[in-house]
$ cat start_25.cif   # mmCIF, C-alpha atoms and all ligand atoms
data_structure
loop_
_atom_site.label_atom_id
_atom_site.label_comp_id
_atom_site.auth_asym_id
_atom_site.auth_seq_id
_atom_site.Cartn_x
_atom_site.Cartn_y
_atom_site.Cartn_z
CA MET O 924 177.03 145.65 187.28
CA PRO O 925 178.24 145.07 183.74
CA THR O 926 176.93 147.42 181.11
CA GLY O 927 179.10 146.64 178.12
CA ARG O 928 181.03 143.81 176.49
CA VAL O 929 184.41 144.95 177.81
CA GLU O 930 183.09 145.10 181.33
CA VAL O 931 181.59 141.62 181.02
CA GLU O 932 184.94 140.29 179.83
CA GLN O 933 186.70 142.01 182.72
CA LEU O 934 184.23 140.50 185.15
CA GLN O 935 184.73 137.04 183.68
CA ALA O 936 188.48 137.38 184.00
CA LEU O 937 187.92 138.20 187.67
CA ASP O 938 185.44 135.32 188.10
CA PHE O 939 187.97 132.76 187.05
CA ASP O 940 190.95 134.43 188.67
CA GLY O 941 192.84 131.52 190.18
CA ALA O 942 189.85 129.17 189.79
CA LEU O 943 191.09 127.08 186.96
CA GLU O 944 194.05 125.73 188.87
CA ARG O 945 191.71 124.65 191.61
CA ARG O 946 189.54 121.56 191.70
CA ALA O 947 185.77 121.37 191.69
CA LEU O 948 184.27 121.44 195.16
CA VAL O 949 184.11 117.92 196.54
CA ASP O 950 183.51 117.34 200.22
CA PRO O 951 185.20 114.69 202.39
CA PHE O 952 182.37 112.24 201.65
CA GLY O 953 182.87 112.52 197.90
CA ARG O 954 179.81 114.68 197.32
CA ASP O 955 180.16 117.19 194.48
CA ILE O 956 178.96 120.61 195.57
CA SER O 957 177.07 121.75 192.50
CA TYR O 958 174.11 123.60 194.00
CA LEU O 959 174.30 126.93 195.83
CA ARG O 960 171.39 128.68 197.49
CA VAL O 961 171.96 132.33 198.24
CA SER O 962 169.83 134.40 200.56
CA VAL O 963 170.01 137.92 199.12
CA THR O 964 168.19 139.65 201.98
CA ASP O 965 166.92 138.84 205.46
CA ARG O 966 163.93 141.14 204.94
CA CYS O 967 160.48 140.19 203.81
CA ASP O 968 157.11 141.76 203.12
CA PHE O 969 155.39 138.83 204.89
CA ARG O 970 155.71 137.56 208.44
CA CYS O 971 154.80 133.89 208.08
CA VAL O 972 154.11 132.46 211.51
CA TYR O 973 156.47 129.49 211.11
CA CYS O 974 159.28 131.61 209.72
CA MET O 975 159.42 135.01 211.38
CA ALA O 976 158.36 136.67 214.57
CA GLU O 977 155.92 139.53 214.09
CA HIS O 978 158.48 142.09 215.16
CA MET O 979 161.77 141.15 213.62
CA SER O 980 164.94 143.15 213.90
CA PHE O 981 166.79 143.08 210.63
CA LEU O 982 170.46 143.43 209.86
CA PRO O 983 172.08 146.81 209.40
CA LYS O 984 172.74 147.53 205.75
CA ALA O 985 176.53 147.61 206.16
CA ASP O 986 176.47 143.94 207.19
CA LEU O 987 174.83 142.89 203.94
CA LEU O 988 176.83 141.97 200.92
CA THR O 989 176.29 144.51 198.17
CA LEU O 990 174.81 143.30 194.90
CA GLU O 991 178.30 143.46 193.39
CA GLU O 992 179.67 141.34 196.23
CA LEU O 993 176.85 138.85 195.84
CA ASP O 994 177.68 138.62 192.15
CA ARG O 995 181.35 138.04 192.92
CA LEU O 996 180.58 135.41 195.52
CA CYS O 997 178.16 133.50 193.26
CA SER O 998 180.60 133.76 190.38
CA ALA O 999 183.39 132.32 192.50
CA PHE O 1000 181.24 129.28 193.32
CA ILE O 1001 180.31 128.93 189.65
CA ALA O 1002 183.98 129.07 188.73
CA ARG O 1003 184.50 126.17 191.13
CA GLY O 1004 181.80 124.01 189.63
CA VAL O 1005 178.44 125.14 190.97
CA ARG O 1006 175.92 124.46 188.18
CA LYS O 1007 172.68 125.46 189.84
CA LEU O 1008 172.06 128.69 191.70
CA ARG O 1009 168.92 129.58 193.61
CA LEU O 1010 168.26 133.06 194.97
CA THR O 1011 166.14 133.13 198.07
CA GLY O 1012 165.70 135.19 201.22
CA GLY O 1013 163.89 136.60 203.21
CA GLU O 1014 161.99 137.63 200.15
CA PRO O 1015 164.51 137.99 197.31
CA LEU O 1016 162.28 140.24 195.24
CA VAL O 1017 162.13 142.94 197.94
CA ARG O 1018 165.89 143.51 197.76
CA ARG O 1019 166.38 146.85 196.04
CA GLY O 1020 168.04 146.53 192.64
CA ILE O 1021 167.72 142.75 192.60
CA MET O 1022 167.10 142.70 188.83
CA THR O 1023 170.66 143.90 188.28
CA LEU O 1024 171.90 140.79 190.07
CA PHE O 1025 169.75 138.55 187.85
CA SER O 1026 171.05 140.48 184.88
CA SER O 1027 174.72 140.12 185.78
CA LEU O 1028 174.42 136.45 186.79
CA SER O 1029 172.75 135.64 183.49
CA ARG O 1030 176.20 135.88 181.84
CA HIS O 1031 176.98 132.48 183.36
CA LEU O 1032 173.89 131.00 181.73
CA ALA O 1033 174.99 132.49 178.43
CA SER O 1034 178.49 131.01 178.83
CA GLY O 1035 177.02 127.59 179.71
CA ARG O 1036 178.91 127.39 183.02
CA LEU O 1037 175.67 127.69 184.93
CA GLU O 1038 172.87 125.27 184.07
CA GLU O 1039 170.13 126.91 186.04
CA LEU O 1040 169.42 130.20 187.74
CA THR O 1041 166.30 130.06 189.82
CA LEU O 1042 164.35 131.70 192.58
CA THR O 1043 162.23 130.91 195.62
CA THR O 1044 159.69 133.62 196.25
CA ASN O 1045 156.51 134.33 198.16
CA GLY O 1046 155.08 135.63 194.88
CA SER O 1047 154.03 139.04 196.16
CA GLN O 1048 156.23 140.94 193.66
CA LEU O 1049 155.97 138.57 190.73
CA ALA O 1050 153.34 140.55 188.86
CA ARG O 1051 155.92 143.31 188.64
CA TYR O 1052 159.05 141.27 187.91
CA ALA O 1053 158.07 138.02 186.17
CA ARG O 1054 158.81 139.18 182.64
CA GLU O 1055 162.17 140.62 183.56
CA ILE O 1056 163.14 137.51 185.48
CA ALA O 1057 162.28 135.35 182.46
CA ALA O 1058 164.23 137.71 180.20
CA HIS O 1059 167.32 137.10 182.34
CA GLY O 1060 167.22 133.39 181.58
CA VAL O 1061 165.30 132.08 184.58
CA ARG O 1062 163.14 129.14 183.46
CA ARG O 1063 161.65 127.75 186.66
CA ILE O 1064 160.74 129.27 190.00
CA ASN O 1065 159.33 128.08 193.30
CA VAL O 1066 156.43 130.00 194.76
CA SER O 1067 155.45 129.43 198.37
CA LEU O 1068 151.72 129.24 198.99
CA ASP O 1069 150.11 127.42 201.88
CA THR O 1070 146.43 128.01 201.24
CA LEU O 1071 143.93 129.26 198.65
CA ASP O 1072 141.71 130.71 201.36
CA ALA O 1073 142.25 134.48 201.60
CA GLU O 1074 141.58 134.68 205.33
CA LYS O 1075 143.80 131.75 206.19
CA PHE O 1076 146.46 133.19 203.92
CA HIS O 1077 146.39 136.40 205.86
CA ALA O 1078 146.48 134.54 209.17
CA ILE O 1079 149.53 132.49 208.10
CA THR O 1080 151.51 135.29 206.44
CA ARG O 1081 150.29 138.04 208.80
CA TRP O 1082 150.99 140.74 206.18
CA GLY O 1083 150.30 138.98 202.90
CA ASN O 1084 147.48 139.31 200.41
CA LEU O 1085 146.44 136.19 198.50
CA GLN O 1086 145.26 138.12 195.42
CA ASP O 1087 148.75 139.61 194.92
CA VAL O 1088 150.30 136.16 194.93
CA LEU O 1089 147.70 134.71 192.56
CA ALA O 1090 148.24 137.65 190.21
CA GLY O 1091 151.98 137.01 190.46
CA ILE O 1092 151.51 133.36 189.54
CA ASP O 1093 149.40 134.39 186.53
CA ALA O 1094 152.10 136.82 185.42
CA ALA O 1095 154.85 134.25 185.86
CA GLN O 1096 153.01 131.67 183.79
CA ALA O 1097 152.24 134.28 181.14
CA ALA O 1098 155.98 135.04 181.02
CA GLY O 1099 156.67 131.36 180.36
CA LEU O 1100 158.12 130.54 183.79
CA LYS O 1101 157.55 127.02 185.04
CA ILE O 1102 156.29 127.07 188.62
CA LYS O 1103 156.53 124.70 191.53
CA ILE O 1104 154.32 125.53 194.47
CA ASN O 1105 155.77 124.94 197.94
CA THR O 1106 153.25 124.39 200.72
CA VAL O 1107 154.19 124.07 204.37
CA ALA O 1108 151.92 121.47 205.96
CA LEU O 1109 150.43 122.86 209.15
CA LYS O 1110 148.36 120.78 211.50
CA GLY O 1111 144.90 122.20 212.03
CA VAL O 1112 145.54 125.02 209.55
CA ASN O 1113 145.76 123.75 205.97
CA GLU O 1114 145.71 119.99 206.39
CA ASP O 1115 142.20 119.71 204.90
CA GLU O 1116 143.16 121.72 201.89
CA PHE O 1117 145.73 119.50 200.19
CA PRO O 1118 143.29 117.91 197.69
CA ARG O 1119 142.15 121.38 196.67
CA LEU O 1120 145.74 122.60 196.32
CA ILE O 1121 146.67 119.51 194.29
CA ALA O 1122 143.72 120.00 191.93
CA TRP O 1123 144.50 123.69 191.53
CA ALA O 1124 148.26 123.34 191.01
CA HIS O 1125 148.12 120.31 188.75
CA GLY O 1126 145.23 121.83 186.84
CA ARG O 1127 147.55 124.72 185.98
CA GLY O 1128 150.50 122.52 185.09
CA MET O 1129 152.41 123.25 188.30
CA ASP O 1130 154.13 120.73 190.56
CA LEU O 1131 153.18 120.92 194.22
CA THR O 1132 155.55 120.11 197.07
CA LEU O 1133 154.47 119.71 200.65
CA ILE O 1134 157.05 120.70 203.26
CA GLU O 1135 157.15 119.39 206.79
CA VAL O 1136 157.40 122.30 209.20
CA MET O 1137 160.92 122.56 210.55
CA PRO O 1138 162.04 123.34 214.07
CA LEU O 1139 163.89 126.57 213.27
CA GLY O 1140 163.91 129.82 215.15
CA GLU O 1141 162.06 130.33 218.42
CA ILE O 1142 158.92 129.20 216.64
CA GLY O 1143 157.06 127.59 219.50
CA ARG O 1144 155.12 125.91 216.68
CA LEU O 1145 155.58 122.34 217.65
CA ASP O 1146 151.81 122.16 218.03
CA GLN O 1147 151.53 122.65 214.26
CA TYR O 1148 153.92 119.86 213.41
CA LEU O 1149 152.26 117.52 210.94
CA PRO O 1150 154.25 114.49 209.79
CA LEU O 1151 154.07 114.10 206.04
CA SER O 1152 153.93 110.32 206.40
CA ALA O 1153 150.42 110.80 207.80
CA VAL O 1154 149.54 113.28 205.04
CA ARG O 1155 150.71 110.89 202.38
CA ALA O 1156 148.76 108.00 203.88
CA ARG O 1157 145.60 110.12 203.86
CA LEU O 1158 146.15 111.26 200.27
CA ALA O 1159 146.78 107.67 199.22
CA GLU O 1160 143.19 106.82 200.26
CA ARG O 1161 141.96 109.28 197.67
CA TYR O 1162 144.56 109.20 194.88
CA ARG O 1163 146.86 106.70 193.24
CA LEU O 1164 150.36 107.89 194.06
CA ASP O 1165 153.11 106.35 191.95
CA ASP O 1166 156.65 106.68 193.24
CA THR O 1167 159.06 108.30 190.81
CA ASP O 1168 162.84 108.23 190.73
CA ASP O 1169 163.03 112.02 190.45
CA ARG O 1170 165.58 113.25 192.97
CA THR O 1171 167.13 116.66 193.31
CA GLY O 1172 169.94 115.83 195.72
CA GLY O 1173 167.75 117.45 198.34
CA PRO O 1174 165.16 116.25 200.79
CA ALA O 1175 162.29 115.99 198.28
CA ARG O 1176 160.66 112.73 197.21
CA TYR O 1177 158.23 112.87 194.32
CA VAL O 1178 155.18 110.87 193.37
CA ARG O 1179 152.97 111.08 190.31
CA VAL O 1180 149.29 111.59 191.12
CA ILE O 1181 147.65 109.35 188.54
CA GLU O 1182 144.26 111.08 188.65
CA THR O 1183 145.72 114.53 187.86
CA GLY O 1184 148.87 113.53 185.99
CA GLY O 1185 150.84 116.06 188.10
CA ARG O 1186 153.83 115.65 190.38
CA LEU O 1187 153.58 115.87 194.12
CA GLY O 1188 156.68 116.27 196.27
CA PHE O 1189 157.24 115.61 199.95
CA ILE O 1190 160.04 117.42 201.75
CA THR O 1191 160.74 115.84 205.11
CA PRO O 1192 163.78 117.65 206.40
CA LEU O 1193 163.71 115.86 209.73
CA THR O 1194 164.55 112.54 208.18
CA HIS O 1195 168.13 111.63 207.37
CA ASN O 1196 167.50 109.79 204.14
CA PHE O 1197 168.82 112.46 201.82
CA CYS O 1198 172.08 113.53 203.43
CA GLU O 1199 174.20 111.04 201.51
CA SER O 1200 173.30 112.68 198.21
CA CYS O 1201 173.42 116.27 199.49
CA ASN O 1202 175.02 118.42 196.80
CA ARG O 1203 174.18 121.83 198.23
CA VAL O 1204 175.45 124.60 200.44
CA ARG O 1205 173.87 127.88 201.48
CA VAL O 1206 175.14 131.44 201.80
CA THR O 1207 173.35 134.12 203.79
CA CYS O 1208 173.07 137.75 202.76
CA THR O 1209 176.01 138.56 205.04
CA GLY O 1210 178.24 136.06 203.27
CA THR O 1211 178.06 133.33 205.88
CA LEU O 1212 178.35 129.88 204.36
CA PHE O 1213 176.33 127.07 205.93
CA MET O 1214 177.46 123.65 204.86
CA CYS O 1215 174.31 121.97 206.22
CA LEU O 1216 170.84 123.39 206.90
CA GLY O 1217 170.58 121.32 210.05
CA GLN O 1218 173.91 122.25 211.65
CA GLU O 1219 175.24 125.40 213.26
CA ASP O 1220 178.73 125.23 211.74
CA ALA O 1221 179.37 128.09 209.32
CA ALA O 1222 182.18 129.95 207.59
CA ASP O 1223 182.58 133.67 207.10
CA LEU O 1224 183.15 134.47 203.42
CA ARG O 1225 182.58 138.22 203.71
CA THR O 1226 185.94 138.88 205.33
CA PRO O 1227 188.02 137.16 202.63
CA LEU O 1228 185.76 138.66 199.97
CA ARG O 1229 186.35 142.17 201.26
CA ALA O 1230 190.01 141.68 202.11
CA SER O 1231 191.23 141.45 198.56
CA GLU O 1232 190.17 142.03 194.99
CA SER O 1233 191.68 138.72 194.03
CA ASN O 1234 189.64 135.59 194.75
CA ASP O 1235 192.51 133.64 196.33
CA LEU O 1236 191.47 134.24 199.93
CA LEU O 1237 187.85 133.58 199.08
CA PHE O 1238 188.65 130.27 197.38
CA ALA O 1239 190.81 129.25 200.33
CA ALA O 1240 187.96 129.99 202.75
CA ILE O 1241 185.48 128.06 200.59
CA ASP O 1242 187.83 125.08 200.34
CA GLU O 1243 188.38 125.06 204.08
CA ALA O 1244 184.62 125.18 204.70
CA ILE O 1245 183.71 122.46 202.22
CA ALA O 1246 186.30 120.23 203.87
CA ARG O 1247 184.13 120.52 207.02
CA LYS O 1248 180.78 119.73 205.38
CA PRO O 1249 179.23 117.26 207.79
CA LYS O 1250 178.00 113.86 206.78
CA GLY O 1251 174.47 114.53 207.92
CA HIS O 1252 172.31 116.86 209.94
CA ASP O 1253 171.25 116.93 213.56
CA PHE O 1254 167.68 118.14 213.46
CA ILE O 1255 165.99 117.21 216.66
CA ILE O 1256 162.93 118.73 218.20
CA ASP O 1257 163.96 119.06 221.81
CA ARG O 1258 160.61 118.06 223.23
CA ARG O 1259 161.66 118.30 226.85
CA HIS O 1260 162.48 121.97 226.55
CA GLN O 1261 159.95 122.57 223.76
CA ARG O 1262 162.51 124.30 221.63
CA PRO O 1263 164.16 123.62 218.31
CA ALA O 1264 167.62 122.14 218.19
CA VAL O 1265 168.75 124.62 215.55
CA THR O 1266 167.84 128.15 216.41
CA ARG O 1267 168.37 130.00 213.12
CA HIS O 1268 165.34 131.46 211.40
CA MET O 1269 164.56 130.03 207.98
CA SER O 1270 164.69 133.56 206.63
CA VAL O 1271 168.42 133.57 207.39
CA THR O 1272 169.32 130.64 205.18
CA GLY O 1273 166.35 130.81 202.84
CA GLY O 1274 165.14 127.27 203.28
C1 LIG O 1301 162.41 131.14 204.02
S1 LIG O 1301 161.48 131.18 202.53
C2 LIG O 1301 162.41 132.32 201.55
C3 LIG O 1301 161.87 132.60 200.18
C4 LIG O 1301 160.52 133.28 200.08
N1 LIG O 1301 160.33 134.33 201.00
C5 LIG O 1301 159.42 132.26 200.18
O1 LIG O 1301 158.65 132.31 201.14
O2 LIG O 1301 159.36 131.43 199.30
C6 LIG O 1301 161.81 129.64 201.74
C7 LIG O 1301 160.87 128.50 202.06
O3 LIG O 1301 161.05 128.15 203.42
C8 LIG O 1301 159.80 127.73 203.92
N2 LIG O 1301 159.84 127.82 205.39
C9 LIG O 1301 160.03 128.88 206.17
N3 LIG O 1301 160.02 128.55 207.48
C10 LIG O 1301 159.85 127.21 207.52
C11 LIG O 1301 159.76 126.25 208.57
N4 LIG O 1301 159.86 126.61 209.84
N5 LIG O 1301 159.58 124.97 208.24
C12 LIG O 1301 159.48 124.57 206.93
N6 LIG O 1301 159.55 125.42 205.90
C13 LIG O 1301 159.72 126.74 206.18
C14 LIG O 1301 158.85 128.70 203.29
O4 LIG O 1301 157.54 128.22 203.29
C15 LIG O 1301 159.40 128.80 201.90
O5 LIG O 1301 158.82 127.83 201.06
S1 LIG O 1302 158.52 132.05 204.48
FE1 LIG O 1302 159.26 133.47 202.95
S2 LIG O 1302 157.50 134.86 202.77
FE2 LIG O 1302 157.20 133.84 204.68
S3 LIG O 1302 158.15 135.21 206.20
FE3 LIG O 1302 159.64 133.63 205.59
S4 LIG O 1302 160.84 134.63 204.07
FE4 LIG O 1302 158.93 135.77 204.23
#
$ encode --input "start_25.cif" --output "structure tokens" --more "lines below"
Ligand SMILES: C[S@@+](CC[C@H](N)C(=O)[O-])C[C@H]1O[C@@H](n2cnc3c(N)ncnc32)[C@H](O)[C@@H]1O
Ligand code: SF4
Amino acid sequence: MPTGRVEVEQLQALDFDGALERRALVDPFGRDISYLRVSVTDRCDFRCVYCMAEHMSFLPKADLLTLEELDRLCSAFIARGVRKLRLTGGEPLVRRGIMTLFSSLSRHLASGRLEELTLTTNGSQLARYAREIAAHGVRRINVSLDTLDAEKFHAITRWGNLQDVLAGIDAAQAAGLKIKINTVALKGVNEDEFPRLIAWAHGRGMDLTLIEVMPLGEIGRLDQYLPLSAVRARLAERYRLDDTDDRTGGPARYVRVIETGGRLGFITPLTHNFCESCNRVRVTCTGTLFMCLGQEDAADLRTPLRASESNDLLFAAIDEAIARKPKGHDFIIDRRHQRPAVTRHMSVTGG
């Protein structure tokens, strides 16, 4: 990690090694790849029922990219035109030394090459890290929270404690971070709680986004599948929901709740209506690049990263992968076999 000006300059020379002669990342369908999500660990201090099995086996440490390698990988994408970077996991804040990665990546915010560095977190470690995260130039974060009921929270997360997350949210807001709450909609679990969550989040100046549960991993959770179209229809009986044009290039649609003045998002990953504007790719903590959350195709970036100190091989592997980015995804719940069509856990790609 850089400690002085000379080292930062050396790192920047490495970042852009060979990059300037290369084009921005544009896929075969003309979509500019400007958003990278990086899972920095597969580990987590929670075991959410829709995300992880209770007894997970995690990757051996040697398979993980080091923090330096993660920095180099992110920097290579930034050199090729990525403007928005989101760190996720597993739980990103349980990765040891993670603040050094925020610190080193912040040089791209300072240089203006990166527009936004952000984070998706379960909030459990925010009380400890919020100030430091804000000091490294992070402005907005997503915090996942499915319920405000302590017992339900424990049942959903298995290992989590609601008070820790609420304290983390307090600390993040005190540090000036803007927060969006992500809530997975679960049939028979939190479906009665959405008005309460809306009032709470909007009352604190936070956006709230509802996420349709996705068929990933051997979840066996199809019984909890709750279509957001039904949720929206029910909410529309109670609130005035005004459509907005706000789009993120991802699967979220936003409405303004007139009664609260806040924004409410709906993420319906099973629908195809966002693929044409998809500007994002994902890298796992082992350096595997997924061009689409809903497809199995992936590219190994760890080998070219480790093969040479120059970025030439890495850029070539990225180019080759982006040229294969599919037009759209293939999410299907295979109802006959009661299993998901894509078998990766969300904690692998970080959502
Ligand atoms: C995998 S987590 C990683 C970051 C962090 N641990 C967190 O929970 O925010 C990212 C997001 O994916 C969501 N998620 C996990 N499994 C999911 C599933 N099967 N369907 C829909 N969303 C899921 C989580 O609720 C969370 O908002
Ligand atoms: S959703 Fe996030 S907090 Fe929950 S188990 Fe998955 S990675 Fe951990």
$ atom_distance --input "start_25.cif" --atom1 "atom CA of Leu1236 of chain O" --atom2 "atom CA of Ser998 of chain O"
14.5 Å
$ atom_distance --input "start_25.cif" --atom1 "atom CA of Ser980 of chain O" --atom2 "atom CA of Asp1146 of chain O"
25.1 Å
$ residues_around --input "start_25.cif" --residues "His1077 of chain O" --least-positions-apart "6" --cutoff "10 Å" --atoms "all atoms listed in the file" --output "ChimeraX atom specification"
/O:969-971,1070,1083-1085
$ closest_residue --input "start_25.cif" --among "O:Glu992, O:Glu1199, O:Glu1014, O:Asp968" --to "ligand LIG 1301 (chain O)" --atoms "all atoms listed in the file"
O:Glu1014
$ atom_distance --input "start_25.cif" --atom1 "atom C11 of ligand LIG 1301 (chain O)" --atom2 "atom CA of Thr1209 of chain O"
20.7 Å
$ closest_residue --input "start_25.cif" --among "O:Ala1221, O:Val949, O:Ala1095, O:Leu1032" --to "Tyr1052 of chain O" --atoms "all atoms listed in the file"
O:Ala1095
$ residues_around --input "start_25.cif" --residues "Asp950 of chain O" --least-positions-apart "2" --cutoff "10 Å" --atoms "only C-alpha atoms" --output "MDAnalysis selection string"
chainID O and resid 947:948 952:956 1202 1214 1242:1250
$ closest_residue --input "start_25.cif" --among "O:Ile1021, O:Val1136, O:Ile1001, O:Leu1131" --to "Val1178 of chain O" --atoms "all atoms listed in the file"
O:Leu1131
$ closest_residue --input "start_25.cif" --among "O:Val1180, O:Val963, O:Ile1092, O:Leu1120" --to "Arg1161 of chain O" --atoms "only C-alpha atoms"
O:Val1180
$ residues_near_ligand --input "start_25.cif" --ligand "ligand LIG 1302 (chain O)" --cutoff "9 Å" --atoms "only C-alpha atoms and all ligand atoms" --output "PyMOL selection string"
chain O and resi 965-976+1011-1015+1043-1047+1067-1068+1079-1081+1083+1268-1271+1273-1274
$ closest_residue --input "start_25.cif" --among "O:Met1129, O:Val1112, O:Leu1164, O:Ile1190" --to "ligand LIG 1301 (chain O)" --atoms "all atoms listed in the file"
O:Ile1190
$ closest_residue --input "start_25.cif" --among "O:Arg1009, O:Arg1163, O:Arg1051, O:Arg1003" --to "ligand LIG 1301 (chain O)" --atoms "all atoms listed in the file"
O:Arg1009
$ residues_around --input "start_25.cif" --residues "Ile1121 of chain O" --least-positions-apart "4" --cutoff "8 Å" --atoms "all atoms listed in the file" --output "tab-separated table (two decimals) with C-alpha atoms, keeping the file's coordinate frame"
chain	number	residue	atom	x	y	z
O	1117	PHE	CA	145.73	119.50	200.19
O	1125	HIS	CA	148.12	120.31	188.75
O	1126	GLY	CA	145.23	121.83	186.84
O	1131	LEU	CA	153.18	120.92	194.22
O	1187	LEU	CA	153.58	115.87	194.12
$ residues_around --input "start_25.cif" --residues "Pro1150 of chain O" --least-positions-apart "5" --cutoff "12 Å" --atoms "all atoms listed in the file" --output "MDAnalysis selection string"
chainID O and resid 1107:1110 1114 1133:1137 1145 1155:1157 1189:1194
$ residues_near_point --input "start_25.cif" --point "(158.6, 112.6, 193.4)" --cutoff "8 Å" --atoms "only C-alpha atoms" --output "ChimeraX atom specification"
/O:1166-1170,1175-1179,1186-1189
$ residues_around --input "start_25.cif" --residues "Leu1071 of chain O" --least-positions-apart "3" --cutoff "10 Å" --atoms "all atoms listed in the file" --output "PyMOL selection string"
chain O and resi 1068+1074-1076+1085-1086+1089+1113+1116+1119-1120+1123
